[in-house]
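Quick look at target.txt (compact mmCIF, C-alpha atoms and all ligand atoms):
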# COMPACT_ATOMS: atom_id res chain seq x y z
CA MET A 28 25.03 29.10 124.99
CA GLY A 29 21.60 29.83 123.59
CA SER A 30 21.02 30.36 119.89
CA THR A 31 20.89 34.15 120.24
CA ALA A 32 24.24 34.53 122.05
CA GLY A 33 26.68 36.64 120.08
CA GLN A 34 23.94 37.74 117.65
CA VAL A 35 22.10 41.01 117.30
CA ILE A 36 18.59 40.55 118.70
CA LYS A 37 15.60 42.27 117.14
CA CYS A 38 12.88 42.96 119.69
CA LYS A 39 10.28 45.48 120.83
CA ALA A 40 11.25 48.53 122.85
CA ALA A 41 9.34 51.62 123.95
CA VAL A 42 11.29 54.49 122.43
CA ALA A 43 11.05 58.07 123.71
CA TRP A 44 11.73 60.04 120.54
CA GLU A 45 11.06 63.41 122.15
CA ALA A 46 10.60 64.84 125.62
CA GLY A 47 7.07 64.54 126.94
CA LYS A 48 5.71 62.74 123.85
CA PRO A 49 4.11 59.29 124.19
CA LEU A 50 6.57 56.41 123.90
CA VAL A 51 6.43 54.47 120.63
CA ILE A 52 6.83 50.69 120.55
CA GLU A 53 9.45 50.08 117.87
CA GLU A 54 11.48 47.15 116.63
CA VAL A 55 15.03 47.80 117.82
CA GLU A 56 18.30 45.97 117.35
CA VAL A 57 20.12 45.06 120.54
CA ALA A 58 23.84 44.35 120.11
CA PRO A 59 25.49 41.49 122.02
CA PRO A 60 27.00 42.32 125.42
CA GLN A 61 30.62 43.51 125.47
CA ALA A 62 33.21 42.69 128.16
CA MET A 63 31.73 42.83 131.68
CA GLU A 64 28.21 43.24 130.32
CA VAL A 65 25.20 40.96 130.17
CA ARG A 66 22.20 40.99 127.90
CA LEU A 67 18.94 40.52 129.78
CA LYS A 68 15.49 39.42 128.73
CA ILE A 69 13.20 41.74 130.67
CA LEU A 70 9.98 40.08 131.85
CA TYR A 71 8.51 42.82 134.03
CA THR A 72 9.39 46.45 134.54
CA SER A 73 7.77 49.17 136.61
CA LEU A 74 7.60 52.90 136.30
CA CYS A 75 9.36 55.21 138.76
CA HIS A 76 9.02 59.02 139.04
CA THR A 77 12.58 59.41 137.80
CA ASP A 78 11.64 57.94 134.41
CA VAL A 79 8.80 60.44 134.15
CA TYR A 80 10.98 63.33 135.34
CA PHE A 81 13.66 62.75 132.69
CA TRP A 82 11.11 61.90 130.00
CA GLU A 83 9.61 65.35 130.68
CA ALA A 84 13.21 66.69 130.42
CA LYS A 85 12.81 68.65 133.66
CA GLY A 86 15.94 70.35 134.95
CA GLN A 87 18.15 69.23 132.07
CA THR A 88 17.93 68.07 128.46
CA PRO A 89 18.67 64.38 128.20
CA ALA A 90 19.70 62.83 124.91
CA PHE A 91 16.86 61.58 122.74
CA PRO A 92 15.83 59.20 121.37
CA ARG A 93 16.12 57.20 124.54
CA ILE A 94 14.82 54.00 126.13
CA PHE A 95 13.74 54.74 129.69
CA GLY A 96 13.04 52.28 132.51
CA HIS A 97 15.13 51.23 135.50
CA GLU A 98 13.02 49.03 137.78
CA ALA A 99 12.72 45.52 136.38
CA GLY A 100 13.05 41.79 136.71
CA GLY A 101 14.55 39.59 134.04
CA ILE A 102 16.66 36.64 133.01
CA VAL A 103 20.24 36.62 131.70
CA GLU A 104 20.15 35.81 127.96
CA SER A 105 23.90 35.94 127.28
CA VAL A 106 27.09 37.19 128.89
CA GLY A 107 30.04 39.16 127.55
CA GLU A 108 33.73 38.43 127.84
CA GLY A 109 35.13 38.15 131.35
CA VAL A 110 31.76 37.55 133.00
CA THR A 111 32.05 34.64 135.43
CA GLU A 112 29.47 35.19 138.11
CA LEU A 113 26.37 35.30 135.91
CA VAL A 114 25.23 32.66 133.45
CA PRO A 115 22.33 32.53 130.99
CA GLY A 116 19.16 31.66 132.86
CA ASP A 117 20.01 33.52 136.07
CA HIS A 118 17.16 35.58 137.51
CA VAL A 119 18.21 39.16 138.09
CA LEU A 120 17.20 42.69 138.99
CA PRO A 121 19.02 45.40 137.01
CA VAL A 122 19.86 48.43 139.16
CA PHE A 123 20.35 52.10 138.21
CA THR A 124 23.42 52.38 140.43
CA GLY A 125 26.18 49.80 140.55
CA GLU A 126 28.67 47.97 142.69
CA CYS A 127 32.02 47.27 141.01
CA LYS A 128 33.31 45.55 144.18
CA GLU A 129 36.76 47.09 143.64
CA CYS A 130 36.64 50.83 144.38
CA ALA A 131 37.11 52.41 147.80
CA HIS A 132 33.33 52.75 148.24
CA CYS A 133 32.63 49.13 147.38
CA LYS A 134 35.42 48.00 149.70
CA SER A 135 34.04 50.11 152.55
CA GLU A 136 31.30 48.50 154.59
CA GLU A 137 29.83 51.94 155.13
CA SER A 138 29.20 53.07 151.54
CA ASN A 139 27.20 52.01 148.51
CA MET A 140 28.33 54.91 146.33
CA CYS A 141 30.48 52.98 143.85
CA SER A 142 32.89 55.33 142.04
CA LEU A 143 32.71 53.42 138.77
CA LEU A 144 28.98 52.76 138.46
CA ARG A 145 27.28 55.35 140.64
CA ILE A 146 24.07 56.73 139.12
CA ASN A 147 24.62 58.94 136.11
CA THR A 148 21.47 60.50 134.71
CA ASP A 149 23.21 62.18 131.74
CA ARG A 150 25.09 59.22 130.27
CA GLY A 151 23.20 57.52 127.47
CA VAL A 152 25.89 55.02 126.45
CA MET A 153 27.73 52.06 127.97
CA ILE A 154 30.92 52.87 129.92
CA ASN A 155 32.83 50.07 128.18
CA ASP A 156 33.15 51.76 124.78
CA GLY A 157 31.05 54.93 125.01
CA LYS A 158 28.49 53.46 122.59
CA SER A 159 24.84 52.49 122.73
CA ARG A 160 23.80 48.84 122.30
CA PHE A 161 20.42 49.88 120.84
CA SER A 162 19.76 50.98 117.28
CA ILE A 163 17.03 51.33 114.68
CA ASN A 164 18.26 51.05 111.07
CA GLY A 165 21.73 52.04 112.22
CA GLN A 166 20.56 55.08 114.24
CA PRO A 167 21.70 54.76 117.87
CA ILE A 168 19.01 54.93 120.56
CA PHE A 169 20.39 56.09 123.91
CA HIS A 170 20.31 54.22 127.21
CA PHE A 171 18.94 55.59 130.50
CA LEU A 172 20.56 54.99 133.92
CA GLY A 173 22.52 52.08 132.43
CA THR A 174 19.37 49.95 132.54
CA SER A 175 16.83 50.89 129.80
CA THR A 176 14.32 48.29 130.88
CA PHE A 177 11.44 49.42 128.63
CA SER A 178 12.77 46.93 126.09
CA GLU A 179 12.29 43.17 125.75
CA TYR A 180 16.09 42.86 125.78
CA THR A 181 18.65 45.24 127.23
CA VAL A 182 22.39 45.31 127.89
CA VAL A 183 23.64 46.16 131.40
CA HIS A 184 27.06 46.30 133.08
CA ILE A 185 27.40 43.31 135.44
CA GLY A 186 28.08 45.72 138.30
CA CYS A 187 24.47 46.90 137.91
CA VAL A 188 22.88 43.44 138.11
CA ALA A 189 21.72 41.69 141.28
CA LYS A 190 21.34 37.92 140.98
CA ILE A 191 18.31 36.81 142.98
CA ASN A 192 16.53 33.66 144.11
CA PRO A 193 14.89 32.12 141.00
CA LEU A 194 11.85 31.25 143.12
CA ALA A 195 11.01 34.95 143.53
CA PRO A 196 8.10 36.07 141.32
CA LEU A 197 9.58 38.69 138.99
CA ASP A 198 6.23 40.45 138.59
CA LYS A 199 6.47 41.41 142.27
CA VAL A 200 10.17 41.76 143.07
CA CYS A 201 10.75 43.91 139.97
CA VAL A 202 9.63 46.88 142.11
CA LEU A 203 12.68 46.47 144.36
CA GLY A 204 15.02 48.17 141.86
CA CYS A 205 14.68 51.73 143.10
CA GLY A 206 12.31 53.74 145.32
CA ILE A 207 10.92 50.90 147.40
CA SER A 208 14.33 49.55 148.40
CA THR A 209 15.41 53.15 148.95
CA GLY A 210 12.63 53.87 151.47
CA LEU A 211 12.93 50.49 153.15
CA GLY A 212 16.71 50.79 153.50
CA ALA A 213 16.48 54.38 154.74
CA THR A 214 14.59 53.03 157.74
CA LEU A 215 16.18 49.63 158.28
CA ASN A 216 19.81 50.50 157.43
CA VAL A 217 20.09 54.16 158.39
CA ALA A 218 17.37 55.37 160.78
CA LYS A 219 17.27 51.99 162.59
CA PRO A 220 14.28 52.71 164.83
CA PRO A 221 14.32 50.70 168.05
CA ASN A 222 11.41 48.38 168.76
CA GLY A 223 8.52 50.37 170.22
CA SER A 224 9.76 53.72 168.96
CA THR A 225 7.96 56.59 167.23
CA VAL A 226 8.77 57.29 163.58
CA ALA A 227 7.61 60.19 161.41
CA VAL A 228 7.56 59.72 157.62
CA PHE A 229 7.38 62.85 155.48
CA GLY A 230 5.83 62.20 152.07
CA LEU A 231 3.55 59.21 151.50
CA GLY A 232 4.45 58.23 147.93
CA ALA A 233 5.97 54.82 147.18
CA THR A 234 9.32 55.66 148.81
CA GLY A 235 7.76 57.12 151.97
CA LEU A 236 5.37 54.18 152.26
CA ALA A 237 8.36 51.83 151.91
CA ALA A 238 10.04 53.77 154.73
CA ALA A 239 6.86 53.22 156.79
CA GLU A 240 6.94 49.53 155.87
CA GLY A 241 10.49 49.47 157.24
CA ALA A 242 9.29 51.08 160.47
CA ARG A 243 6.53 48.46 160.73
CA ILE A 244 9.08 45.67 160.19
CA ALA A 245 11.41 47.23 162.80
CA GLY A 246 8.55 47.16 165.33
CA ALA A 247 7.90 50.89 165.68
CA SER A 248 4.72 51.51 167.70
CA ARG A 249 3.78 54.91 166.36
CA ILE A 250 4.26 55.64 162.66
CA ILE A 251 3.18 59.19 161.90
CA GLY A 252 2.59 60.03 158.23
CA VAL A 253 3.09 63.66 157.23
CA ASP A 254 1.70 64.77 153.87
CA ILE A 255 -0.09 67.81 152.46
CA ASN A 256 -2.40 65.55 150.45
CA PRO A 257 -5.06 64.03 152.76
CA LYS A 258 -5.96 61.49 150.03
CA ARG A 259 -2.73 59.67 150.83
CA PHE A 260 -3.80 58.85 154.35
CA SER A 261 -6.26 56.01 153.75
CA GLU A 262 -3.78 54.09 151.57
CA ALA A 263 -0.96 54.68 154.08
CA LYS A 264 -2.83 52.73 156.77
CA LYS A 265 -1.99 49.52 154.89
CA PHE A 266 1.68 50.33 155.41
CA GLY A 267 1.49 50.61 159.19
CA VAL A 268 1.01 54.38 159.30
CA ASN A 269 -1.26 54.83 162.32
CA GLU A 270 -1.33 58.62 162.79
CA PHE A 271 -1.46 61.47 160.31
CA VAL A 272 -0.49 65.10 160.26
CA ASN A 273 -1.30 67.46 157.42
CA PRO A 274 0.95 70.53 157.77
CA LYS A 275 -1.78 72.55 156.02
CA ASP A 276 -4.14 71.94 158.96
CA HIS A 277 -1.87 73.92 161.30
CA ASP A 278 -0.78 77.54 161.47
CA ARG A 279 2.56 76.75 163.11
CA PRO A 280 5.54 74.71 161.91
CA VAL A 281 4.77 71.01 161.68
CA GLN A 282 7.84 70.18 163.79
CA GLU A 283 6.15 71.95 166.71
CA VAL A 284 2.96 69.95 166.17
CA LEU A 285 4.94 66.70 166.08
CA ALA A 286 6.98 67.60 169.18
CA GLU A 287 3.78 68.28 171.08
CA MET A 288 2.22 64.99 169.96
CA THR A 289 5.28 62.99 171.03
CA ASN A 290 6.38 64.51 174.31
CA GLY A 291 9.34 66.39 172.86
CA GLY A 292 9.95 64.85 169.45
CA VAL A 293 9.92 61.66 167.44
CA ASP A 294 12.68 59.07 167.82
CA ARG A 295 13.28 58.86 164.08
CA SER A 296 12.12 60.76 161.02
CA ILE A 297 12.49 59.92 157.34
CA GLU A 298 12.06 62.63 154.70
CA CYS A 299 10.84 61.36 151.33
CA THR A 300 9.54 64.46 149.53
CA GLY A 301 12.66 66.36 148.47
CA ASN A 302 11.03 69.61 149.60
CA ILE A 303 13.58 71.69 151.49
CA ASP A 304 11.12 72.93 154.14
CA ALA A 305 10.00 69.35 154.77
CA MET A 306 13.66 68.37 155.20
CA ILE A 307 14.19 71.06 157.83
CA SER A 308 10.96 70.08 159.61
CA ALA A 309 11.99 66.41 159.50
CA PHE A 310 15.23 67.28 161.25
CA GLU A 311 13.77 69.68 163.79
CA CYS A 312 10.98 67.27 164.80
CA VAL A 313 13.30 64.63 166.24
CA HIS A 314 13.79 64.37 170.00
CA ASP A 315 16.93 65.91 171.46
CA GLY A 316 19.39 63.48 173.01
CA TRP A 317 18.78 60.62 170.60
CA GLY A 318 16.64 61.58 167.60
CA VAL A 319 17.84 60.71 164.11
CA ALA A 320 16.52 62.25 160.88
CA VAL A 321 17.25 60.67 157.51
CA LEU A 322 16.95 62.60 154.24
CA VAL A 323 15.93 60.56 151.19
CA GLY A 324 13.99 62.87 148.84
CA PHE A 325 15.94 64.49 146.03
CA PRO A 326 16.22 68.28 146.51
CA HIS A 327 15.93 71.19 144.07
CA LYS A 328 19.35 72.20 142.74
CA ASP A 329 19.29 75.55 144.57
CA ALA A 330 18.03 74.23 147.90
CA VAL A 331 19.92 75.18 151.08
CA PHE A 332 19.42 73.35 154.37
CA LYS A 333 19.19 75.88 157.21
CA THR A 334 18.87 75.08 160.89
CA HIS A 335 20.30 76.44 164.13
CA PRO A 336 23.45 74.47 165.08
CA ILE A 337 22.12 74.12 168.62
CA ASN A 338 19.73 71.51 167.19
CA LEU A 339 22.78 69.33 166.49
CA LEU A 340 24.58 70.23 169.72
CA ASN A 341 21.47 69.04 171.54
CA GLU A 342 22.28 65.58 170.22
CA ARG A 343 20.04 65.28 167.23
CA THR A 344 21.58 63.46 164.27
CA LEU A 345 21.04 64.37 160.63
CA LYS A 346 21.81 61.76 158.00
CA GLY A 347 21.20 61.23 154.32
CA THR A 348 21.05 58.09 152.23
CA PHE A 349 21.28 56.96 148.64
CA PHE A 350 19.40 53.80 147.59
CA GLY A 351 18.74 53.07 151.27
CA ASN A 352 22.46 52.34 151.76
CA TYR A 353 21.97 48.98 150.01
CA LYS A 354 24.91 47.75 147.95
CA PRO A 355 22.98 46.58 144.89
CA ARG A 356 24.69 43.26 144.16
CA SER A 357 25.56 42.27 147.72
CA ASP A 358 22.38 43.34 149.49
CA LEU A 359 19.37 43.25 147.11
CA PRO A 360 19.17 39.44 147.15
CA SER A 361 18.46 39.62 150.89
CA VAL A 362 15.65 42.14 150.32
CA VAL A 363 14.11 39.64 147.89
CA GLU A 364 14.38 37.00 150.63
CA LYS A 365 12.51 39.32 153.03
CA TYR A 366 9.66 39.31 150.51
CA LEU A 367 9.80 35.52 150.11
CA SER A 368 9.67 35.03 153.89
CA LYS A 369 6.62 37.35 153.99
CA GLU A 370 8.37 39.83 156.26
CA LEU A 371 8.15 42.47 153.54
CA GLU A 372 4.88 42.97 151.66
CA LEU A 373 5.16 44.16 148.06
CA GLU A 374 1.68 43.55 146.64
CA LYS A 375 0.29 46.68 148.27
CA PHE A 376 2.75 48.85 146.33
CA ILE A 377 1.55 47.47 142.99
CA THR A 378 -1.57 49.52 142.37
CA HIS A 379 -1.68 49.05 138.59
CA GLN A 380 -0.58 46.56 135.94
CA VAL A 381 -0.50 47.11 132.17
CA PRO A 382 0.71 45.14 129.14
CA PHE A 383 3.81 46.54 127.42
CA SER A 384 1.68 47.65 124.47
CA GLU A 385 -0.07 50.08 126.86
CA ILE A 386 3.03 51.46 128.58
CA ASN A 387 1.86 55.05 128.06
CA LYS A 388 -0.99 54.36 130.49
CA ALA A 389 1.59 53.78 133.23
CA PHE A 390 2.83 57.33 132.61
CA GLU A 391 -0.72 58.68 132.81
CA TYR A 392 -1.42 56.92 136.12
CA MET A 393 1.74 58.33 137.64
CA LEU A 394 1.19 61.85 136.30
CA GLN A 395 -2.35 61.84 137.70
CA GLY A 396 -0.96 60.75 141.07
CA ASP A 397 -3.12 57.61 141.00
CA SER A 398 -0.41 54.98 141.18
CA LEU A 399 2.29 53.90 143.56
CA ARG A 400 3.77 51.37 141.17
CA CYS A 401 2.44 50.23 137.79
CA VAL A 402 4.01 46.93 136.71
CA ILE A 403 4.42 46.49 132.96
CA ARG A 404 4.30 42.97 131.55
CA MET A 405 6.71 42.72 128.64
CA ASP A 406 5.19 39.78 126.78
CA ALA A 407 1.76 41.33 126.43
C1 LIG A 501 17.04 58.58 141.85
C2 LIG A 501 17.98 58.68 142.97
C3 LIG A 501 18.34 60.10 143.30
C4 LIG A 501 18.75 60.88 142.09
C5 LIG A 501 17.78 60.79 140.98
C6 LIG A 501 17.46 59.37 140.66
N1 LIG A 501 16.98 57.22 141.56
C7 LIG A 501 16.12 56.60 140.77
O1 LIG A 501 14.99 56.88 140.51
ZN ZN A 502 13.73 55.16 140.28

Please express what this file holds, its structure, as structure tokens.
Amino acid sequence: MGSTAGQVIKCKAAVAWEAGKPLVIEEVEVAPPQAMEVRLKILYTSLCHTDVYFWEAKGQTPAFPRIFGHEAGGIVESVGEGVTELVPGDHVLPVFTGECKECAHCKSEESNMCSLLRINTDRGVMINDGKSRFSINGQPIFHFLGTSTFSEYTVVHIGCVAKINPLAPLDKVCVLGCGISTGLGATLNVAKPPNGSTVAVFGLGATGLAAAEGARIAGASRIIGVDINPKRFSEAKKFGVNEFVNPKDHDRPVQEVLAEMTNGGVDRSIECTGNIDAMISAFECVHDGWGVAVLVGFPHKDAVFKTHPINLLNERTLKGTFFGNYKPRSDLPSVVEKYLSKELELEKFITHQVPFSEINKAFEYMLQGDSLRCVIRMDA
């Protein structure tokens, strides 16, 4: 046991006091981990759109003050009661959705939607005792997604922690905690494009580019990027995207354009925008007989998916996925290995890096649409 185990730790955290206002680096107190929890020293974290979305308080009003952040790499500092599979010093990725290994979902080979630890964007406390582990002068500061990685130390349920190869550089693999694994898994685990096939990717942000990276790894020959922003196209080439379609360049539905380009439809499509019309196009652009469309992007609350049922009767398949169907604890270590074996490239996703003291710049880059991932170094 290290000298800090069982003690309250004082450290720096970026606190969101109010929606949409710059984060403030504060000294916070981080309580020791309770049963089935671990306290982590975060070394690197990266910014995802979901942090920005909830920081802006879009769609709902999250509790403030809050510590955002859910993509990160760190080291176990201490463990709570009953924790046997993690020890101080282990290298880990915290994850915004968990794997309890005991519920019906965790026991099923087909699901990663753990009943106990599935993503909860409203909860700002630990499930163990309904309390926060963060405070400033006795005032509780709320958690976000059970991870709150914009802090030098954080407390996470062990079901939301993937233990990884200690040889993996945390400044790179920290980006595997959310969108990039989601896009990659959508292709490799769900769409499963055969070697030599044609894949369309709708939306060329980090998740869509990770879906394209998956198509490249799977050996797809044609990877068609679909985006209404032509600026995305040059960057997408690095991810194996070799053809582009901008729906704005055409006066007919993009699914018709894609069907014409591909002799009847693409073999697989992956939708990473969350726009309902793009979802429908992504489904209707797949070839009859064998085409599979996978929905990844998060839709508007009032969205309704509308298509003629004959599209399904003609043997097209529509699927959806959450976190690329990866079970966080069981499967993320193997994604890290894919990076270590150079099968998966992560460097090209990391467009920006900032020291923790400049974390607000990461928000600016993302809001301006300049960054795929901005990695934040905690000790600087
Ligand atoms: C997303 C996953 C879909 C719901 C919103 C949050 N995950 C993390 O960014
Ligand atoms: Zn995310």

task: Compute the set of protein, DNA and RNA residues whose minimum atom distance to ligand ZN 502 (chain A) is at most 9 Å, using only C-alpha atoms and all ligand atoms, and state it as a list of chain:residue names.
output: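 Those residues are A:Leu74, A:Cys75, A:His76, A:Thr77, A:Asp78, A:Gly96, A:His97, A:Glu98, A:Phe123, A:Gly204, A:Cys205, A:Gly206, A:Ile207.
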
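Shell of Lys388 in chain A at 10 Å, with only C-alpha atoms counted and residues fewer than 4 places along the chain excluded, is Pro49, His379, Gln380, Val381, Pro382, Phe383, Ser384, Tyr392, Met393, Leu394, Cys401 and Ile403 of chain A.
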
- request: Please check which protein, DNA or RNA residues sit within 12 Å of ligand LIG 501 (chain A), counting only C-alpha atoms and all ligand atoms, and write them as a ChimeraX atom specification.
  value: /A:73-81,85-86,95-98,122-125,140,145-149,171-174,202-210,233-234,299-301,322-328,347-352

Quick one: residues within 6 Å of Glu342 in chain A, only C-alpha atoms, excluding same-chain residues fewer than 2 positions away - as a compact mmCIF listing (two decimals) with C-alpha atoms, in the coordinates of the input?
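File produced: part-v8.txt:
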# COMPACT_ATOMS: atom_id res chain seq x y z
CA ASP A 315 16.93 65.91 171.46
CA GLY A 316 19.39 63.48 173.01
CA LEU A 339 22.78 69.33 166.49
CA LEU A 340 24.58 70.23 169.72

Nearest residue to Met405 in chain A from the set A:Cys38, A:Val114, A:Lys346, A:Ser178 (distances using all atoms listed in the file): A:Ser178

- prompt: Smallest atom-to-atom distance to Arg343 in chain A: which of A:Phe266, A:Phe390, A:Phe310, A:Tyr180, using only C-alpha atoms?
  reply: A:Phe310

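For the residues A:Ile52, A:Cys201, A:Val65, A:Ala309, ranking by smallest atom-to-atom distance to Ile251 in chain A using only C-alpha atoms places A:Ala309 first.
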
- prompt: Using all atoms listed in the file, which residue out of A:Val55, A:Thr289, A:Arg279, A:Gln395 lies closest to Asn164 in chain A?
  reply: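 Smallest distance to Asn164 in chain A is found for A:Val55.
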
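With all atoms listed in the file as the atoms that count, the minimum distance from Val57 in chain A to the choices A:Ala263, A:Ile168, A:Leu215, A:Ala195 is reached by A:Ile168.
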
message: Rounded to one decimal, what separation in Å do you get between CA of Glu240 in chain A and CA of Gly267 in chain A?
response: 6.5 Å
